[in-house]
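Below is one structure, written out as structure tokens; comments come after it.
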Amino acid sequence: MTLGSTDRLQKQGRTRWRARQRILVLGLGNTLFSDDGVGVEIATHLRKKTRVGVFVTEVGTSILAAIPFLEWADRVLIIDSMRGGKAPGSIYYGAYGDVRPSFEERSVHERSISLAVDLSNRRLKAPEIHALGIEPASLELGASLSETLASRLPLYLEYAEKLIEAFRTQPHELPESKTRLARTTASAANLG
Amino acid sequence: MATTITIDPVTRIEGHLKVSISVDTVNGVQQIVDAWVGGTLFRGFERILLQRHPWDAQHVCQRICGVCPVSQGTAALLAMEQAGNVQPPPNGILLRNLIGAANFVDSHILSFYHLAIPDFINGPAMPPFQPAWTADKGTNKRADKTTTDALVKSYLAAMDIRRKAQSLGAIFGGRMPHPSALIPGGITTSVRPDRIKNFKQLLAEIQTFIDSVYLPDVDKLGKIFADYFDIGKGHGHLLAYGAFGSVDNDFSDAPLTPGFKKADSNTVALNTRAIAEHVTYSWYDDATQNLKPTDGETTAKYPKDNAYSWLKAPRYDGRPCEVGPLARMMITGDYTRGISVMDRHSARAQEAKKLTNSMVDWLAALDATAPNYTESAVPVSGRGEGLTEAPRGALGHWVAVENTKISRYQVVTPTCWNASPRDVSGLRGPMEEALIGAPISDMTQPVEALRVIHSFDPCTACAVHVMRPERSEAVAVLYDAGINR
Amino acid sequence: MTQGLTRRSFLTYCTASAAVLGLGPFDLFKIRTALANPAAPKVVWIQGAGCSGCSISFLNLVSAAAPINAAAVLTDTIDLIFHPTLMWASGEQASGIVTKTINEDNYVLIVEGGAPTAFDGGACLPWSVNGVEVTFQQAVVSAAARATKVICVGTCACFGGMSAAGENPGGVKPISTAIGEPTINISGCPPHPDAIVWAIAQLLAGNPIDLDGDGRPKAIYGKTVHNECPRNRTKTGKDWANAVGVDNLCLELLGCRGPDTSAPCPTWQWNDKANWCVDANGNCIGCTEKTFPGPYKFHRTIS
């Protein structure tokens, strides 16, 4: 995944943005423990539809496997089970920066995401990380989602689609390191 | 390949606005494929109102907007009267309607002639008329010299007519802008014969101008720019709270009635519980996402990833809604042609005429011997909601009083509806959506985008929001399985 | 009206209103000379944190002699080279105009609205130049630097006003504080259109303006509303009004701030003498004062 000729950098006010966003959707979780794997389940369904500029992958619990993807992305949407205090099946959303402390308490996987980011080349300017969390009904050993969550799967997909579409259409600031990288490796004609 | 153009400043509006558009060629036509509208001023009127005496609200709130101060003051009065359980007498309501409708008329004339017309014609060779963008104007394709001269003449005449409409509002308001006569319980001004006489005289002059100049000019423009009846529709959802009713909030005889009209559907009754505000793309804390105005609170957060506006995104049942003269006239059924740039200008002009007719009726109904004001005690505590219409659309104020001081205030203004940014599901605001599909003939002078924007008559000083100091939850609940089945 | 309108001089207006405007024959000559000079100062009008009420009030100008109204001011009297609400230019063309003028030309700066400092000035971003947003804080400092004179129009620009009231969440400051220089303060919320045009007339004539301790012209703000008010009890011998909505009686007991407010309202009145605040039985709320709005209530009530 390198910069292609279609990736043009534009100046818009104070921000520099790419004509096409690079969106990474990460489904996290352990599918052996019922609702713990809801993120993986959602990502599997999302993958069925191809979207330009969007890469969906279920990393499950192998968080460090996400490192190369994190280096590529402008924006990351993590989908995972999350405890937020509302009824099972509820949906939460937060920007990673804001939810980080609470997220780490609630999801064992989340601690590793921070590590993955730190180990990637993105330490200085991490991609925007957003989280879509689903309140689990059951974390018992089990190969499938609880009825509470399974019945709402279309709803979760709808919210995930909306967020992805929102990310795609909203310009944002590029990380400095990427800009420098862009200048040295892409032809001048393609850059603003 | 799409190119982004930013228009900053958007001139000829009230306040500060910045618009970015993404332009690409689709089916052989160079047109707008995406848009972002951002309010670039924050003042925070709730903080300004906090701890003030309840009877100060209408004075303070008028200063939210110098172009529609009467509406802002009226909304404050309605909210405070509900909180204090006081009802103005019929004369008081009539006087408020007279002052308010005068403000509508002066604002509509200003909006068409001084804020919008410059997008369509070339002006005299001196500032502030020139320099200006020249794309898609002038003799070759658009207004010829005779028409241009006539419209410039109208522009200059209109400047004075709107001044007279301001004087009209001052006759019973005390002064324009920022009339002194607004008070909870009614209006302070007395109904004197000389005032009635002056009012009639000025109103007649204004009516003549509307009939012989304003309406014909809108028609004229609509013929030269007929393509603009098919540009700038947007989502097509319309909303109105209604205004200028009589006592008891009875809108049966009001010229502006409340309602919600989903795109391509019939008008249904308004349900204010369906209103909530999103802050995903606004410079406010994400935790205050999707709150109803009665519970509304925000904490300003600037800068913030993804955000591009000081306006929040109000939604009705999750839908972005257009408000304003077109919405009102379609909801009452007075206007049926359609939704577009030109339809907005037509509806605005027709509404101005309609309201001058209403003013004749209200003036005739005034009883010079009856009281204009109901005595009442200042509320020690209470809550109130004040819904009305400003020239630009539906306006709501929500107030809470504790210990005879204002303890909470929330304002959702019409331009907040129209110029709203995207919401959490990424739905564009009405103006943003209306920009989609507009052709752009000259990328260095995207005047077509301005024509769409100005048809909404934006007034962004009204983009004021509430602030609360306490910490909020960092995570937003998008869907609560406990409530939603 | 066609392109190529010629400018007439301000003279007729000034002659007719000389007494009111305080201009003598030598001043009139100076104005004529000033206007005949192609290098006559342009007028740049910028807006910070405000409500545009001052601009609306300016548009309400009406006079018996030329310029008879705002349209005449724009076409016959001044070169209003930048005004965000009125100018026909847009986008970077507009911000280019103000940038060029403040860097190269001879101009008078009019400022409406206060200077917000919250969020490092990000609370108000009036325009972009070359794609970079400019905060109003930066804009007003740059614009004031080469201005012949800086006129603050409206109480927000002069003293912070309503935009800076209460806890002042926008961090709004008066323009004189923002630029670190004294300004000519035409205060009022809104200010009277005659006062705005008067100040411009004085500057075009090259007259120094005698200012009070708050930077306001003494010629306009030299008298209090109470002293000039026809309802003043020393003139009428009548009692105070003790209820709302009573004509012809002094409103002091109801909270009128007339005694503490310097403004010409009782004599000039408002909107072509359609009315004025007190004649409508509305309290004067002291909108020309440095202390406006203040924490104190506008209405004196039982509770």
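Just remember, in the structure tokens the first chain shown is A, the second B, etc., residues are 1-based per chain, and ligands are 1-based in the order shown.
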Among stretch 3-100 of chain B, which residues carry a DSSP assignment of helix (DSSP H, G or I), reported as a PyMOL selection string? chain B and resi 45-49+54-62+69-84+90-100
I want to know what sits within 7 Å of stretch 254-271 of chain B, based on only C-alpha atoms, with residues of the same chain fewer than 6 positions away left out; could you give that as an NGL selection string? :B and (235-245 or 328 or 331-332)
For those residues, write N, CA, C and O atoms to a file as an mmCIF file, in the first residue's frame.
```
data_model
loop_
_atom_site.group_PDB
_atom_site.id
_atom_site.type_symbol
_atom_site.label_atom_id
_atom_site.label_comp_id
_atom_site.auth_asym_id
_atom_site.auth_seq_id
_atom_site.Cartn_x
_atom_site.Cartn_y
_atom_site.Cartn_z
ATOM 1 N N HIS B 235 -32.107 18.263 1.036
ATOM 2 C CA HIS B 235 -32.844 17.062 1.433
ATOM 3 C C HIS B 235 -34.337 17.198 1.168
ATOM 4 O O HIS B 235 -35.024 16.216 0.892
ATOM 5 N N GLY B 236 -34.866 18.416 1.338
ATOM 6 C CA GLY B 236 -36.288 18.610 1.091
ATOM 7 C C GLY B 236 -37.187 18.492 2.306
ATOM 8 O O GLY B 236 -38.412 18.552 2.171
ATOM 9 N N HIS B 237 -36.599 18.338 3.494
ATOM 10 C CA HIS B 237 -37.435 18.302 4.710
ATOM 11 C C HIS B 237 -37.602 19.724 5.209
ATOM 12 O O HIS B 237 -36.647 20.498 5.235
ATOM 13 N N LEU B 238 -38.820 20.077 5.613
ATOM 14 C CA LEU B 238 -39.112 21.446 6.036
ATOM 15 C C LEU B 238 -39.674 21.480 7.444
ATOM 16 O O LEU B 238 -40.403 20.563 7.846
ATOM 17 N N LEU B 239 -39.374 22.553 8.159
ATOM 18 C CA LEU B 239 -39.793 22.652 9.559
ATOM 19 C C LEU B 239 -40.206 24.077 9.879
ATOM 20 O O LEU B 239 -39.600 25.037 9.415
ATOM 21 N N ALA B 240 -41.256 24.226 10.685
ATOM 22 C CA ALA B 240 -41.643 25.557 11.161
ATOM 23 C C ALA B 240 -42.250 25.443 12.547
ATOM 24 O O ALA B 240 -42.952 24.470 12.848
ATOM 25 N N TYR B 241 -41.984 26.408 13.409
ATOM 26 C CA TYR B 241 -42.603 26.446 14.728
ATOM 27 C C TYR B 241 -43.869 27.301 14.723
ATOM 28 O O TYR B 241 -44.670 27.235 15.653
ATOM 29 N N GLY B 242 -44.020 28.151 13.706
ATOM 30 C CA GLY B 242 -45.167 29.043 13.666
ATOM 31 C C GLY B 242 -44.926 30.310 14.466
ATOM 32 O O GLY B 242 -44.111 30.344 15.385
ATOM 33 N N ALA B 243 -45.644 31.377 14.075
ATOM 34 C CA ALA B 243 -45.488 32.646 14.803
ATOM 35 C C ALA B 243 -46.665 33.549 14.521
ATOM 36 O O ALA B 243 -47.457 33.294 13.610
ATOM 37 N N PHE B 244 -46.758 34.601 15.302
ATOM 38 C CA PHE B 244 -47.788 35.626 15.146
ATOM 39 C C PHE B 244 -49.176 35.074 15.376
ATOM 40 O O PHE B 244 -50.142 35.465 14.723
ATOM 41 N N GLY B 245 -49.265 34.129 16.320
ATOM 42 C CA GLY B 245 -50.583 33.651 16.718
ATOM 43 C C GLY B 245 -51.235 34.661 17.632
ATOM 44 O O GLY B 245 -50.667 35.707 17.937
ATOM 45 N N ARG B 328 -41.958 27.821 5.678
ATOM 46 C CA ARG B 328 -43.209 28.288 6.281
ATOM 47 C C ARG B 328 -44.324 28.341 5.252
ATOM 48 O O ARG B 328 -45.457 27.921 5.510
ATOM 49 N N ILE B 331 -45.472 24.947 4.342
ATOM 50 C CA ILE B 331 -46.196 24.289 5.425
ATOM 51 C C ILE B 331 -47.608 24.858 5.568
ATOM 52 O O ILE B 331 -48.552 24.130 5.883
ATOM 53 N N THR B 332 -47.770 26.146 5.291
ATOM 54 C CA THR B 332 -49.130 26.690 5.337
ATOM 55 C C THR B 332 -49.883 26.395 4.043
ATOM 56 O O THR B 332 -51.087 26.563 3.973
#
```
Taken to one decimal, the atom CA of B:Leu168-atom CA of C:Phe58 distance is 16.6 Å
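Residues with any atom within 6 Å of stretch 16-32 of chain B, counting only C-alpha atoms and excluding same-chain neighbours fewer than 5 positions away, are B:Ala2, B:Thr3, B:Thr4, B:Ile5, B:Thr6, B:Ile7, B:Asp8, B:Pro9, B:Val10, B:Val37, B:Gly38, B:Gly39, B:Thr40, B:Leu41, B:Ile436, B:Gly437, B:Ala438, B:Pro439, B:Ile440, C:Pro126.
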May I have the selected residues written with N, CA and C atoms, as a PDB file, in the first residue's frame?
```pdb
ATOM      1  N   ALA B   2     -11.653  15.406  -8.258  1.00  0.00           N
ATOM      2  CA  ALA B   2     -12.320  16.488  -7.531  1.00  0.00           C
ATOM      3  C   ALA B   2     -11.323  17.515  -7.014  1.00  0.00           C
ATOM      4  N   THR B   3     -11.720  18.759  -7.086  1.00  0.00           N
ATOM      5  CA  THR B   3     -10.908  19.855  -6.545  1.00  0.00           C
ATOM      6  C   THR B   3     -11.696  20.536  -5.447  1.00  0.00           C
ATOM      7  N   THR B   4     -11.021  20.929  -4.399  1.00  0.00           N
ATOM      8  CA  THR B   4     -11.712  21.626  -3.323  1.00  0.00           C
ATOM      9  C   THR B   4     -11.473  23.120  -3.424  1.00  0.00           C
ATOM     10  N   ILE B   5     -12.554  23.866  -3.318  1.00  0.00           N
ATOM     11  CA  ILE B   5     -12.471  25.328  -3.306  1.00  0.00           C
ATOM     12  C   ILE B   5     -13.055  25.803  -1.979  1.00  0.00           C
ATOM     13  N   THR B   6     -12.403  26.774  -1.390  1.00  0.00           N
ATOM     14  CA  THR B   6     -12.935  27.325  -0.146  1.00  0.00           C
ATOM     15  C   THR B   6     -13.333  28.775  -0.356  1.00  0.00           C
ATOM     16  N   ILE B   7     -14.519  29.134   0.101  1.00  0.00           N
ATOM     17  CA  ILE B   7     -14.965  30.520   0.051  1.00  0.00           C
ATOM     18  C   ILE B   7     -14.938  31.047   1.481  1.00  0.00           C
ATOM     19  N   ASP B   8     -13.975  31.894   1.767  1.00  0.00           N
ATOM     20  CA  ASP B   8     -13.829  32.431   3.115  1.00  0.00           C
ATOM     21  C   ASP B   8     -13.189  33.801   3.029  1.00  0.00           C
ATOM     22  N   PRO B   9     -13.907  34.894   3.242  1.00  0.00           N
ATOM     23  CA  PRO B   9     -15.220  34.905   3.883  1.00  0.00           C
ATOM     24  C   PRO B   9     -16.372  34.742   2.896  1.00  0.00           C
ATOM     25  N   VAL B  10     -17.481  34.181   3.359  1.00  0.00           N
ATOM     26  CA  VAL B  10     -18.728  34.308   2.612  1.00  0.00           C
ATOM     27  C   VAL B  10     -19.263  35.668   3.023  1.00  0.00           C
ATOM     28  N   VAL B  37     -20.075  23.438   5.333  1.00  0.00           N
ATOM     29  CA  VAL B  37     -20.401  24.804   5.711  1.00  0.00           C
ATOM     30  C   VAL B  37     -20.018  24.990   7.177  1.00  0.00           C
ATOM     31  N   GLY B  38     -19.197  25.979   7.472  1.00  0.00           N
ATOM     32  CA  GLY B  38     -18.721  26.146   8.853  1.00  0.00           C
ATOM     33  C   GLY B  38     -18.986  27.540   9.402  1.00  0.00           C
ATOM     34  N   GLY B  39     -19.588  27.623  10.584  1.00  0.00           N
ATOM     35  CA  GLY B  39     -19.770  28.897  11.279  1.00  0.00           C
ATOM     36  C   GLY B  39     -18.472  29.243  11.987  1.00  0.00           C
ATOM     37  N   THR B  40     -18.004  30.463  11.824  1.00  0.00           N
ATOM     38  CA  THR B  40     -16.684  30.814  12.343  1.00  0.00           C
ATOM     39  C   THR B  40     -16.719  31.879  13.433  1.00  0.00           C
ATOM     40  N   LEU B  41     -17.816  31.930  14.193  1.00  0.00           N
ATOM     41  CA  LEU B  41     -17.854  32.842  15.335  1.00  0.00           C
ATOM     42  C   LEU B  41     -18.514  32.156  16.514  1.00  0.00           C
ATOM     43  N   ILE B 436     -24.987  20.443  -3.311  1.00  0.00           N
ATOM     44  CA  ILE B 436     -24.622  19.310  -4.158  1.00  0.00           C
ATOM     45  C   ILE B 436     -25.337  19.412  -5.505  1.00  0.00           C
ATOM     46  N   GLY B 437     -24.597  19.262  -6.560  1.00  0.00           N
ATOM     47  CA  GLY B 437     -25.205  19.296  -7.894  1.00  0.00           C
ATOM     48  C   GLY B 437     -25.217  20.666  -8.535  1.00  0.00           C
ATOM     49  N   ALA B 438     -24.891  21.717  -7.772  1.00  0.00           N
ATOM     50  CA  ALA B 438     -24.882  23.045  -8.395  1.00  0.00           C
ATOM     51  C   ALA B 438     -23.722  23.110  -9.385  1.00  0.00           C
ATOM     52  N   PRO B 439     -23.984  23.610 -10.588  1.00  0.00           N
ATOM     53  CA  PRO B 439     -22.900  23.672 -11.578  1.00  0.00           C
ATOM     54  C   PRO B 439     -21.921  24.774 -11.211  1.00  0.00           C
ATOM     55  N   ILE B 440     -20.654  24.609 -11.574  1.00  0.00           N
ATOM     56  CA  ILE B 440     -19.662  25.654 -11.334  1.00  0.00           C
ATOM     57  C   ILE B 440     -19.021  25.971 -12.676  1.00  0.00           C
TER      58      ILE B 440
ATOM     59  N   PRO C 126     -12.650  35.673  10.823  1.00  0.00           N
ATOM     60  CA  PRO C 126     -13.435  36.433   9.844  1.00  0.00           C
ATOM     61  C   PRO C 126     -13.137  36.116   8.387  1.00  0.00           C
TER      62      PRO C 126
END
```
Using only C-alpha atoms and a distance of at most 7 Å, pull out the residues of chain C that contact chain A, as a PyMOL selection string. chain C and resi 131-133
Would you export the selected residues with C-alpha atoms as a PDB file, in the first residue's frame, please?
```
ATOM      1  CA  GLY C 131      -6.108  29.387   2.312  1.00  0.00           C
ATOM      2  CA  VAL C 132      -4.998  30.213   5.825  1.00  0.00           C
ATOM      3  CA  GLU C 133      -7.630  31.241   8.354  1.00  0.00           C
TER       4      GLU C 133
END
```
Where does chain A meet chain B within 6 Å, residue by residue, with the nearest atom pair and distance in Å to one decimal for each, counting only C-alpha atoms, listed by chain and rising number, as CSV?
```
residue,atom,partner,partner_atom,distance
A:Ala87,CA,B:Gly482,CA,4.9
A:Gly89,CA,B:Ala481,CA,5.5
A:Ser90,CA,B:Ala481,CA,4.6
A:Ile91,CA,B:Tyr479,CA,4.9
A:Tyr92,CA,B:Val477,CA,4.6
A:Tyr93,CA,B:Ala476,CA,5.3
A:Gly94,CA,B:Val475,CA,4.9
A:Asp98,CA,B:Ala474,CA,5.7
A:Val99,CA,B:Ala474,CA,5.9
A:Lys162,CA,B:Ser425,CA,5.0
A:Ala166,CA,B:Gly426,CA,4.3
```
Near stretch 207-223 of chain B, within 7 Å and counting only C-alpha atoms, which residues show up once chain neighbours fewer than 4 positions away are dropped, as a list in words? Leu203, Met342, His345, Ser346, Ala349, Lys353 and Thr356 of chain B
Please compute the atom CA of B:His397-atom CA of B:Gly185 distance, one decimal, in Å. 16.9 Å
Near stretch 137-142 of chain A, within 9 Å and counting only C-alpha atoms, which residues show up once chain neighbours fewer than 6 positions away are dropped, as an mmCIF file with N, CA, C and O atoms, in the first residue's frame?
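Saved file out17.cif follows:
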```cif
data_model
loop_
_atom_site.group_PDB
_atom_site.id
_atom_site.type_symbol
_atom_site.label_atom_id
_atom_site.label_comp_id
_atom_site.auth_asym_id
_atom_site.auth_seq_id
_atom_site.Cartn_x
_atom_site.Cartn_y
_atom_site.Cartn_z
ATOM 1 N N THR A 31 -13.471 -14.705 19.348
ATOM 2 C CA THR A 31 -14.725 -15.356 18.958
ATOM 3 C C THR A 31 -15.023 -16.615 19.772
ATOM 4 O O THR A 31 -16.088 -17.211 19.621
ATOM 5 N N LEU A 32 -14.115 -17.006 20.639
ATOM 6 C CA LEU A 32 -14.361 -18.191 21.465
ATOM 7 C C LEU A 32 -15.182 -17.852 22.708
ATOM 8 O O LEU A 32 -15.644 -18.741 23.403
ATOM 9 N N PHE A 33 -15.332 -16.573 22.958
ATOM 10 C CA PHE A 33 -16.023 -16.181 24.182
ATOM 11 C C PHE A 33 -17.265 -15.348 23.893
ATOM 12 O O PHE A 33 -17.422 -14.229 24.380
ATOM 13 N N SER A 34 -18.163 -15.958 23.158
ATOM 14 C CA SER A 34 -19.470 -15.355 22.851
ATOM 15 C C SER A 34 -19.347 -13.929 22.341
ATOM 16 O O SER A 34 -18.701 -13.687 21.334
ATOM 17 N N ASP A 35 -19.958 -12.985 23.060
ATOM 18 C CA ASP A 35 -20.035 -11.608 22.592
ATOM 19 C C ASP A 35 -18.689 -10.900 22.541
ATOM 20 O O ASP A 35 -18.593 -9.804 21.986
ATOM 21 N N ASP A 36 -17.673 -11.506 23.123
ATOM 22 C CA ASP A 36 -16.351 -10.888 23.054
ATOM 23 C C ASP A 36 -15.903 -10.725 21.606
ATOM 24 O O ASP A 36 -15.110 -9.856 21.276
ATOM 25 N N ALA A 87 -27.672 -1.112 28.733
ATOM 26 C CA ALA A 87 -28.212 -2.458 28.553
ATOM 27 C C ALA A 87 -27.418 -3.220 27.506
ATOM 28 O O ALA A 87 -26.888 -2.629 26.570
ATOM 29 N N PRO A 88 -27.330 -4.559 27.659
ATOM 30 C CA PRO A 88 -26.611 -5.364 26.663
ATOM 31 C C PRO A 88 -27.168 -5.132 25.275
ATOM 32 O O PRO A 88 -28.387 -5.035 25.094
ATOM 33 N N GLY A 89 -26.285 -5.006 24.312
ATOM 34 C CA GLY A 89 -26.715 -4.723 22.951
ATOM 35 C C GLY A 89 -26.574 -3.251 22.599
ATOM 36 O O GLY A 89 -26.668 -2.879 21.431
ATOM 37 N N THR A 148 -29.176 -11.578 22.051
ATOM 38 C CA THR A 148 -29.324 -10.127 22.203
ATOM 39 C C THR A 148 -28.512 -9.371 21.162
ATOM 40 O O THR A 148 -28.974 -8.383 20.580
ATOM 41 N N LEU A 149 -27.313 -9.838 20.932
ATOM 42 C CA LEU A 149 -26.464 -9.133 19.981
ATOM 43 C C LEU A 149 -26.712 -9.615 18.550
ATOM 44 O O LEU A 149 -26.768 -8.812 17.622
#
```
Find, counting only C-alpha atoms, the residue in B:Ala394, B:Ile99, B:Leu366, B:Val360 that gets nearest to B:Pro314. B:Ala394
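Taking only C-alpha atoms into account, chain C lies nearest to B:Ser167 out of the set B:Thr146, B:Ser71, B:Ser167, B:Gln62.
Remark: for B:Leu435, the closest of the candidate residues B:Ala313, B:Leu450, B:Ile13, B:Ala79 is B:Leu450 (distances computed over only C-alpha atoms).
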Identify, on the basis of only C-alpha atoms, every residue whose closest approach to B:Ile183 does not exceed 9 Å; exclude the query and any residue fewer than 5 positions from it along the same chain; express the result as number ranges by chain. B: 55-56, 58-59, 73, 77, 188, 373; C: 282
Work out how far atom CA of B:Val399 is from atom CA of B:Phe104, in Å to one decimal. 24.4 Å
Selection: 8 Å around A:His130, only C-alpha atoms, excl. self and same-chain fewer than 2 positions, as a ChimeraX atom specification: /A:75-78,93-96,128,132
